[in-house]
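Novice: This is coords26.cif (mmCIF, C-alpha atoms).
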```cif
data_entry
#
loop_
_atom_site.label_atom_id
_atom_site.label_comp_id
_atom_site.auth_asym_id
_atom_site.auth_seq_id
_atom_site.Cartn_x
_atom_site.Cartn_y
_atom_site.Cartn_z
CA MET A 1480 62.67 238.07 166.36
CA THR A 1481 65.76 238.01 168.53
CA ARG A 1482 64.99 234.47 169.66
CA ALA A 1483 64.48 233.34 166.06
CA LEU A 1484 67.70 235.06 165.02
CA ALA A 1485 69.53 233.43 167.92
CA ASN A 1486 68.24 230.01 166.81
CA LEU A 1487 69.53 230.70 163.34
CA VAL A 1488 72.89 231.89 164.65
CA ALA A 1489 73.17 228.76 166.79
CA GLN A 1490 72.23 226.47 163.89
CA ASN A 1491 74.79 228.14 161.68
CA ALA A 1492 77.42 228.52 164.38
CA GLU A 1493 80.08 226.69 162.43
CA GLN A 1494 79.54 228.64 159.21
CA LEU A 1495 79.24 231.86 161.17
CA ASP A 1496 82.54 231.12 162.82
CA THR A 1497 84.14 230.55 159.46
CA GLY A 1498 82.65 233.77 158.22
CA LEU A 1499 83.88 235.62 161.25
CA ARG A 1500 87.38 234.38 160.71
CA ARG A 1501 87.35 235.76 157.19
CA VAL A 1502 86.23 239.21 158.33
CA PRO A 1503 89.07 241.61 159.00
CA PHE A 1504 89.04 242.60 162.60
CA VAL A 1505 87.60 246.11 162.83
CA GLY A 1506 88.83 248.30 165.61
CA GLU A 1507 92.34 246.95 165.98
CA GLY A 1508 94.57 249.26 167.91
CA THR A 1509 91.88 250.53 170.25
CA GLY A 1510 93.48 248.65 173.10
CA PRO A 1511 92.38 245.54 174.97
CA GLY A 1512 89.14 245.76 176.85
CA ALA A 1513 88.19 249.04 175.25
CA HIS A 1514 84.74 249.32 173.79
CA ALA A 1515 82.51 252.29 173.35
CA ARG A 1516 79.22 253.16 171.74
CA SER A 1517 79.73 254.12 168.13
CA SER A 1518 77.66 256.72 166.26
CA THR A 1519 75.33 254.00 164.94
CA GLY A 1520 74.60 252.88 168.50
CA GLY A 1521 76.54 249.67 168.24
CA VAL A 1522 79.29 248.50 170.53
CA ARG A 1523 82.72 248.90 169.01
CA ALA A 1524 84.60 245.61 169.00
CA ASP A 1525 87.72 245.05 171.05
CA ALA A 1526 91.09 245.19 169.37
CA ALA A 1527 92.70 241.82 168.67
CA PRO A 1528 94.44 241.21 171.97
CA ARG A 1529 98.19 240.78 171.81
CA PRO A 1530 98.10 237.30 173.38
CA GLN A 1531 96.29 236.10 170.23
CA ALA A 1532 99.13 237.10 167.94
CA GLU A 1533 101.61 235.62 170.41
CA LEU A 1534 99.57 232.41 170.60
CA ASP A 1535 99.52 232.07 166.81
CA ALA A 1536 103.29 232.37 166.60
CA LEU A 1537 103.90 230.02 169.52
CA MET A 1538 101.42 227.43 168.28
CA GLU A 1539 103.25 227.36 164.97
CA ARG A 1540 106.53 226.74 166.78
CA LEU A 1541 104.96 224.08 168.97
CA ALA A 1542 103.53 222.31 165.91
CA ASP A 1543 107.03 222.42 164.44
CA GLY A 1544 108.45 220.68 167.52
CA ASP A 1545 109.79 223.56 169.58
CA ARG A 1546 109.19 222.30 173.12
CA SER A 1547 110.53 225.46 174.72
CA VAL A 1548 107.19 227.19 174.04
CA PHE A 1549 105.07 224.37 175.49
CA ALA A 1550 104.50 225.94 178.89
CA ARG A 1551 103.65 229.36 177.46
CA VAL A 1552 101.12 227.92 174.97
CA PHE A 1553 99.55 225.94 177.80
CA GLU A 1554 99.33 229.07 179.91
CA LEU A 1555 97.73 231.09 177.10
CA LEU A 1556 95.09 228.43 176.42
CA TRP A 1557 94.33 227.04 179.87
CA ALA A 1558 92.22 229.81 181.36
CA PRO A 1559 90.23 230.71 178.20
CA ILE A 1560 89.42 227.07 177.51
CA GLN A 1561 88.26 226.54 181.08
CA ARG A 1562 86.07 229.66 181.01
CA PHE A 1563 84.66 228.69 177.64
CA CYS A 1564 83.77 225.18 178.79
CA LEU A 1565 82.24 226.48 182.00
CA SER A 1566 80.13 228.99 180.11
CA LEU A 1567 78.79 226.28 177.80
CA LEU A 1568 78.28 223.49 180.29
CA ARG A 1569 77.42 225.53 183.40
CA ASN A 1570 78.71 222.73 185.60
CA GLU A 1571 82.18 222.90 187.17
CA ALA A 1572 82.94 219.20 187.18
CA ASP A 1573 81.84 218.67 183.57
CA ALA A 1574 83.63 221.84 182.46
CA ALA A 1575 86.84 220.64 184.14
CA ASP A 1576 86.60 217.31 182.33
CA ALA A 1577 85.87 218.98 179.02
CA ALA A 1578 88.68 221.49 179.45
CA GLN A 1579 91.17 218.78 180.38
CA GLU A 1580 90.24 216.62 177.42
CA ALA A 1581 90.20 219.62 175.09
CA MET A 1582 93.70 220.68 176.15
CA GLN A 1583 95.00 217.18 175.53
CA LYS A 1584 93.44 217.03 172.10
CA ILE A 1585 94.65 220.50 171.14
CA PHE A 1586 98.25 219.61 171.90
CA GLU A 1587 97.90 216.14 170.42
CA ARG A 1588 96.59 217.53 167.14
CA ALA A 1589 98.86 220.56 166.93
CA PRO A 1590 101.68 218.85 165.00
CA ALA A 1591 99.36 217.35 162.38
CA ASP A 1592 96.18 219.42 162.22
CA TYR A 1593 97.03 222.99 163.12
CA ASP A 1594 96.81 225.16 160.01
CA ARG A 1595 99.50 227.80 160.26
CA LYS A 1596 97.52 230.20 158.11
CA ARG A 1597 94.68 230.28 160.62
CA ALA A 1598 94.41 231.81 164.06
CA ALA A 1599 95.14 229.38 166.86
CA MET A 1600 92.48 230.42 169.37
CA PRO A 1601 89.40 229.74 167.17
CA TRP A 1602 90.89 226.40 166.22
CA ALA A 1603 91.45 225.52 169.87
CA MET A 1604 87.98 226.75 170.80
CA ALA A 1605 86.42 224.59 168.11
CA ILE A 1606 88.04 221.54 169.69
CA ALA A 1607 86.88 222.64 173.13
CA GLY A 1608 83.39 223.19 171.76
CA TRP A 1609 83.27 219.63 170.48
CA GLU A 1610 84.40 218.28 173.84
CA CYS A 1611 81.66 220.27 175.55
CA ARG A 1612 79.17 218.88 173.08
CA THR A 1613 80.34 215.33 173.83
CA ILE A 1614 80.01 215.87 177.54
CA ALA A 1615 76.61 217.50 177.16
CA ARG A 1616 75.40 214.46 175.21
CA ARG A 1617 76.86 212.11 177.79
CA ARG A 1618 75.18 214.09 180.56
CA PHE A 1619 71.87 213.93 178.74
CA ARG A 1620 72.16 210.19 178.36
CA ARG A 1621 72.70 209.95 182.10
CA ARG A 1622 69.39 211.84 182.43
CA GLU A 1623 70.99 214.45 184.66
CA VAL A 1624 69.22 217.24 182.90
CA ASP A 1625 65.61 218.40 183.02
CA ASP A 1626 63.79 216.89 180.05
CA SER A 1627 61.93 220.13 179.52
CA ALA A 1628 65.19 221.69 178.31
CA ALA A 1629 65.62 219.03 175.69
CA GLY A 1630 62.54 219.44 173.53
CA GLU A 1631 62.69 223.17 172.78
CA LEU A 1632 63.27 222.75 169.09
CA PRO A 1633 60.30 220.87 167.68
CA GLY A 1634 61.13 217.88 165.53
CA ALA A 1635 64.78 217.75 166.62
CA ASP A 1636 66.50 214.75 168.18
CA ALA A 1637 66.38 215.22 171.96
CA GLU A 1638 70.13 215.21 172.54
CA GLU A 1639 70.77 217.45 169.56
CA ALA A 1640 68.00 219.72 170.85
CA LEU A 1641 69.75 220.06 174.20
CA VAL A 1642 73.00 221.00 172.57
CA GLN A 1643 71.20 223.38 170.23
CA SER A 1644 69.34 225.00 173.13
CA ASN A 1645 72.64 225.65 174.86
CA LEU A 1646 74.00 227.25 171.72
CA THR A 1647 70.82 229.28 171.31
CA ARG A 1648 71.08 230.53 174.88
CA ALA A 1649 74.64 231.61 174.16
CA ALA A 1650 73.57 233.29 170.91
CA VAL A 1651 70.73 235.18 172.68
CA ALA A 1652 73.17 236.56 175.22
CA ALA A 1653 75.61 237.65 172.53
CA LEU A 1654 72.90 239.20 170.36
CA GLY A 1655 71.66 241.12 173.40
CA GLU A 1656 74.95 243.02 173.34
CA LEU A 1657 74.35 244.37 169.86
CA SER A 1658 72.50 247.46 168.74
CA ASP A 1659 69.19 247.43 166.85
CA THR A 1660 71.04 248.37 163.67
CA ASP A 1661 73.37 245.42 164.00
CA ARG A 1662 70.49 243.04 164.65
CA GLU A 1663 68.60 244.39 161.63
CA THR A 1664 71.71 243.90 159.53
CA LEU A 1665 72.10 240.31 160.73
CA VAL A 1666 68.44 239.58 159.95
CA ALA A 1667 69.03 240.89 156.44
CA THR A 1668 72.14 238.70 156.25
CA PHE A 1669 70.50 235.47 157.37
CA TRP A 1670 67.06 235.92 155.81
CA ASP A 1671 68.04 237.85 152.68
CA GLU A 1672 65.42 240.41 153.61
CA ALA A 1673 65.50 244.03 152.54
CA ALA A 1674 67.45 246.21 154.92
CA SER A 1675 67.49 249.96 155.36
CA ALA A 1676 70.76 250.01 153.43
CA SER A 1677 72.03 248.15 150.39
CA GLY A 1678 75.15 247.50 148.37
CA ALA A 1679 78.44 248.58 149.83
CA THR A 1680 76.81 250.17 152.90
CA LEU A 1681 75.04 246.93 153.79
CA ARG A 1682 78.20 244.95 153.21
CA LYS A 1683 80.13 247.24 155.49
CA ARG A 1684 77.42 247.10 158.17
CA ARG A 1685 77.32 243.30 157.87
CA GLU A 1686 81.07 243.07 158.38
CA ARG A 1687 80.89 245.31 161.44
CA ALA A 1688 77.83 243.52 162.85
CA LEU A 1689 79.47 240.11 162.49
CA ASP A 1690 82.63 241.50 163.97
CA ARG A 1691 80.78 242.93 166.97
CA LEU A 1692 78.94 239.61 167.37
CA ARG A 1693 82.26 237.84 167.44
CA GLY A 1694 83.55 240.35 169.98
CA ALA A 1695 80.46 239.79 172.14
CA PHE A 1696 80.97 236.02 172.08
CA ARG A 1697 84.61 236.51 173.03
CA ARG A 1698 83.76 238.78 175.94
CA LEU A 1699 80.92 236.65 177.23
CA TYR A 1700 82.63 233.29 176.92
CA GLY A 1701 85.97 234.19 178.39
CA LEU A 1702 88.16 234.43 175.35
CA ASP A 1703 89.68 237.75 176.42
CA MET B 891 91.46 224.43 189.42
CA ASP B 892 94.40 224.77 191.74
CA SER B 893 98.06 224.78 190.78
CA ILE B 894 98.47 221.05 191.51
CA ASP B 895 95.70 220.20 189.07
CA ARG B 896 97.25 222.57 186.57
CA SER B 897 100.69 221.00 186.78
CA GLN B 898 99.21 217.50 186.60
CA SER B 899 97.19 218.58 183.62
CA MET B 900 100.25 220.04 181.94
CA ARG B 901 102.12 216.79 182.49
CA ARG B 902 99.31 214.73 180.96
CA VAL B 903 99.06 217.12 178.03
CA ARG B 904 102.79 216.91 177.46
CA ILE B 905 102.67 213.11 177.40
CA ARG B 906 99.85 213.17 174.84
CA TYR B 907 101.79 215.66 172.73
CA GLU B 908 104.94 213.54 172.72
CA LEU B 909 103.04 210.32 172.02
CA ALA B 910 101.24 212.00 169.15
CA ARG B 911 104.55 213.11 167.66
CA LEU B 912 105.96 209.61 168.07
CA ARG B 913 102.92 208.00 166.42
CA ARG B 914 103.21 210.42 163.54
CA ALA B 915 106.93 209.68 163.21
CA LEU B 916 106.35 205.93 163.12
CA LEU B 917 103.66 206.35 160.50
CA ALA B 918 105.90 208.55 158.39
CA VAL B 919 108.82 206.15 158.52
CA ALA B 920 106.71 203.10 157.59
CA PRO B 921 107.26 203.48 153.81
CA PHE B 922 110.99 203.44 154.41
CA VAL B 923 110.67 200.07 156.09
CA LEU B 924 109.39 198.82 152.73
CA VAL B 925 112.49 200.23 151.07
CA VAL B 926 114.65 198.30 153.52
CA ALA B 927 112.66 195.13 152.85
CA VAL B 928 113.16 195.52 149.09
CA ALA B 929 116.87 196.19 149.57
CA LEU B 930 117.16 193.07 151.73
CA ARG B 931 115.52 191.06 149.00
CA LEU B 932 117.91 192.30 146.31
CA THR B 933 121.21 192.54 148.15
CA HIS B 934 123.85 189.83 148.35
CA ARG B 935 124.94 190.97 151.78
CA PRO B 936 121.80 191.18 153.89
CA SER B 937 123.53 191.62 157.23
CA SER B 938 125.06 194.98 156.37
CA THR B 939 121.89 196.09 154.59
CA LEU B 940 119.86 195.19 157.66
CA TRP B 941 122.28 196.98 159.93
CA PHE B 942 122.29 200.21 157.93
CA GLY B 943 118.59 199.96 157.23
CA GLY B 944 117.72 199.49 160.89
CA LEU B 945 119.94 202.39 161.84
CA THR B 946 118.35 204.61 159.21
CA VAL B 947 114.84 203.74 160.36
CA ALA B 948 115.70 204.36 164.01
CA ILE B 949 117.45 207.66 163.38
CA SER B 950 114.75 208.84 160.98
CA THR B 951 112.07 208.06 163.54
CA ALA B 952 113.93 210.02 166.19
CA MET B 953 114.40 212.97 163.84
CA LEU B 954 110.76 212.98 162.81
CA TRP B 955 109.68 212.82 166.44
CA TYR B 956 112.02 215.65 167.44
CA GLY B 957 110.77 217.99 164.72
CA ARG B 958 112.13 221.26 163.31
CA ASP B 959 115.06 221.09 160.87
CA TRP B 960 115.72 217.47 161.75
CA GLN B 961 112.21 216.50 160.72
CA ARG B 962 112.37 218.52 157.51
CA ALA B 963 115.62 216.78 156.56
CA VAL B 964 114.33 213.22 156.65
CA LEU B 965 112.40 213.12 153.40
CA PRO B 966 115.01 214.90 151.24
CA GLY B 967 117.75 212.76 152.79
CA ALA B 968 115.89 209.50 152.22
CA VAL B 969 114.98 210.38 148.65
CA ALA B 970 118.53 211.50 147.85
CA GLY B 971 119.90 208.30 149.33
CA LEU B 972 117.72 206.22 147.01
CA PHE B 973 120.01 207.12 144.08
CA PRO B 974 123.16 205.43 145.41
CA LEU B 975 121.05 202.63 146.86
CA ALA B 976 119.39 201.90 143.54
CA LEU B 977 122.65 202.11 141.59
CA SER B 978 124.49 199.85 144.02
CA LEU B 979 121.70 197.28 144.06
CA PHE B 980 121.68 197.34 140.28
CA ALA B 981 125.45 196.83 140.26
CA ASN B 982 124.91 194.10 142.84
CA GLY B 983 122.45 192.35 140.60
CA VAL B 984 124.52 192.71 137.45
CA HIS B 985 127.82 191.82 138.94
CA GLY B 986 127.08 189.63 141.98
CA CYS B 987 129.14 191.72 144.39
CA GLY B 988 131.46 189.94 146.72
CA ALA B 989 134.67 190.85 148.44
CA GLY B 990 137.38 191.78 145.93
CA SER B 991 135.31 191.12 142.81
CA CYS B 992 133.35 194.23 141.98
CA SER B 993 135.48 197.32 142.46
CA SER B 994 135.09 198.03 138.75
CA LEU B 995 131.34 198.38 138.97
CA CYS B 996 130.04 198.75 142.51
CA VAL B 997 132.41 201.46 143.67
CA PRO B 998 131.78 203.69 140.62
CA ALA B 999 128.06 203.08 141.02
CA CYS B 1000 128.22 204.14 144.66
CA SER B 1001 130.38 207.18 143.85
CA LEU B 1002 128.06 208.29 141.05
CA GLY B 1003 125.04 207.77 143.28
CA GLY B 1004 126.80 209.74 145.98
CA ILE B 1005 127.42 212.66 143.63
CA VAL B 1006 123.75 212.75 142.63
CA ALA B 1007 122.69 212.57 146.27
CA GLY B 1008 125.07 215.36 147.23
CA VAL B 1009 123.83 217.61 144.45
CA ALA B 1010 120.23 216.90 145.44
CA ILE B 1011 120.77 217.70 149.12
CA ALA B 1012 122.68 220.86 148.28
CA GLY B 1013 119.91 221.98 145.95
CA VAL B 1014 117.19 221.46 148.52
CA ALA B 1015 119.19 223.09 151.31
CA ASN B 1016 119.94 226.16 149.22
CA ARG B 1017 116.39 226.52 147.97
CA ARG B 1018 115.07 226.34 151.50
CA ARG B 1019 117.92 228.44 152.92
CA ALA B 1020 118.25 225.69 155.46
CA GLY B 1021 120.47 225.75 158.50
CA VAL B 1022 123.42 223.65 159.54
CA TRP B 1023 121.27 221.03 161.22
CA PHE B 1024 119.36 220.43 158.03
CA TRP B 1025 122.59 219.87 156.10
CA LEU B 1026 123.94 217.49 158.68
CA SER B 1027 120.79 215.46 159.18
CA ALA B 1028 119.83 215.24 155.51
CA SER B 1029 123.36 214.23 154.58
CA GLY B 1030 123.40 211.62 157.31
CA ILE B 1031 120.15 210.07 156.21
CA ALA B 1032 121.23 210.08 152.56
CA LEU B 1033 124.53 208.37 153.38
CA LEU B 1034 122.89 205.77 155.61
CA THR B 1035 120.28 205.02 152.95
CA GLY B 1036 122.89 204.67 150.24
CA SER B 1037 125.07 202.53 152.49
CA MET B 1038 122.39 199.86 152.61
CA GLY B 1039 123.47 198.94 149.10
CA CYS B 1040 127.02 200.26 148.98
CA ALA B 1041 128.12 198.17 151.93
CA CYS B 1042 127.94 195.16 149.63
CA ILE B 1043 131.70 195.27 149.18
CA GLY B 1044 132.45 196.45 152.69
CA SER B 1045 133.87 199.81 153.62
CA THR B 1046 135.20 200.56 150.13
CA GLY B 1047 131.70 201.02 148.82
CA VAL B 1048 130.69 203.25 151.71
CA VAL B 1049 133.84 205.37 151.33
CA GLY B 1050 133.17 205.70 147.60
CA LEU B 1051 129.64 206.82 148.42
CA ALA B 1052 130.88 209.37 150.94
CA VAL B 1053 133.51 210.77 148.59
CA GLY B 1054 130.99 211.07 145.78
CA PHE B 1055 128.50 212.74 148.12
CA ALA B 1056 131.07 215.25 149.28
CA ALA B 1057 132.03 216.06 145.70
CA GLY B 1058 128.41 216.54 144.71
CA ALA B 1059 127.49 218.64 147.71
CA MET B 1060 130.58 220.84 147.79
CA PRO B 1061 129.61 223.51 145.26
CA GLY B 1062 126.20 223.91 146.89
CA LEU B 1063 127.77 223.97 150.32
CA VAL B 1064 130.18 226.70 149.31
CA ARG B 1065 127.34 228.74 147.83
CA TRP B 1066 125.35 228.25 151.01
CA ALA B 1067 128.27 229.24 153.23
CA PHE B 1068 128.99 232.40 151.24
CA GLY B 1069 125.33 233.27 151.20
CA ARG B 1070 125.14 233.07 155.00
CA ARG B 1071 128.27 235.14 155.40
CA ALA B 1072 126.82 237.82 153.13
CA THR B 1073 123.64 238.05 155.26
#
```
How would this structure read if it were set down as structure tokens?
Specialist:
Amino acid sequence: MTRALANLVAQNAEQLDTGLRRVPFVGEGTGPGAHARSSTGGVRADAAPRPQAELDALMERLADGDRSVFARVFELLWAPIQRFCLSLLRNEADAADAAQEAMQKIFERAPADYDRKRAAMPWAMAIAGWECRTIARRRFRRREVDDSAAGELPGADAEEALVQSNLTRAAVAALGELSDTDRETLVATFWDEAASASGATLRKRRERALDRLRGAFRRLYGLD
Amino acid sequence: MDSIDRSQSMRRVRIRYELARLRRALLAVAPFVLVVAVALRLTHRPSSTLWFGGLTVAISTAMLWYGRDWQRAVLPGAVAGLFPLALSLFANGVHGCGAGSCSSLCVPACSLGGIVAGVAIAGVANRRRAGVWFWLSASGIALLTGSMGCACIGSTGVVGLAVGFAAGAMPGLVRWAFGRRAT
């Protein structure tokens, strides 16, 4: 079930990300790096780290043309983007290329494409994700990967399958961090199946489960 | 990556950022080039129109590239400047402006256009609670845009434009100044 759920999470990664951005961040104020088992057995999500709020404000100023914040924005993005690319591509050289290209595109697009109402880090990570995807496809075309990794999803295009398998692997790892209750809640969310709760309780559990999933991705893929 | 890679990377990123801003500025100023072309077609003194038009395009591009208040001032300034430009070109067309022959029409047209432009800039600046740089840059762009047409009779037209602009902007400027002092 976890594998199937991870496939579904990976296939809906973009929508899930959008959904996650809409969810208010539960557990703010608990301090960076703090997580503890809650009474439901889940892992309480980290508080929104202060660098994120700082990054949002600085990215807005950078998009406006304030060059004095350039170095600080670069510093706030550089390490997380590198870690993120390395975690997706699992190859230092490719991750370095992807991170470099992603940083260039982030700053190139900031004046025109950065939406000031949205958080900067997810926007930047989305660009980095696309660069990783491009490099993964390029790597596949060079036949540098084991073909057995490419055909995991039956009926899918081989390159797309490779990218999807990477996303699925990432989703499995993140889902492994969640409690059984959270996983059950996510199954109910994605499959519209009956859960042990309903109505407002289910909605609340869904928000917390998605929030903890987001927190798990952030911790695993170097966004903290 | 080591610190050398990081600094090289930062340099490359900075270049891409600046080039992206410049591309965006050039794209944004392209419609104004059409305005200059139309003004050149209608004016009886193309050399001064070309001079002021070229200057406006160059300065607008620089302001758009730089960003912040300067960037935000370009569009209001250009639009405000279209009033005196249009009126002076109309006067040009009606009267056939030449040295010494159209003070009765071209100068009033430029002054009236200047007043409208001044009122417009003051209104935008006050609504946005803009800073000094916005006032200066928007006013500059408006005057340069209007001068493309008002220079048809030489400096008299440009002075008439400037005087009209000052008269139109003054009440708004005073309100803005008192508002800043109060806060």
Novice: Select, from B:Trp1066, B:Cys1000, B:Pro921, B:Arg906, the residue with the minimum atom-to-atom distance to B:Pro974, counting all atoms listed in the file.
Specialist: B:Cys1000
Novice: Applied to the shown file, which residues does the PyMOL selection byres ((chain B) within 7 of (chain A)) return, written as a list of chain:residue names?
Specialist: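 Evaluating the PyMOL selection byres ((chain B) within 7 of (chain A)) on these coordinates yields B:Ser899, B:Val903, B:Arg906, B:Tyr907, B:Ala910, B:Arg911, B:Tyr956, B:Gly957, B:Arg958.
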Novice: Report as a PyMOL selection string all protein, DNA and RNA residues lying within 8 Å of B:Ala1007, evaluated on only C-alpha atoms, omitting residues in the same chain fewer than 2 positions from it.
Specialist: chain B and resi 970-971+973-974+1003-1005+1009-1011+1032+1055+1058-1059
Novice: Nearest to B:Ala952 among B:Arg913, B:Arg1071, B:Arg904, B:Arg1018, with distances taken over all atoms listed in the file: which residue is it?
Specialist: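 Comparing B:Arg913, B:Arg1071, B:Arg904, B:Arg1018 against B:Ala952, the winner is B:Arg913.
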Novice: How far is it from atom CA of A:Leu1534 to atom CA of A:Gly1694, in Å with one decimal?
Specialist: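 That distance, rounded to one decimal, is 17.9 Å.
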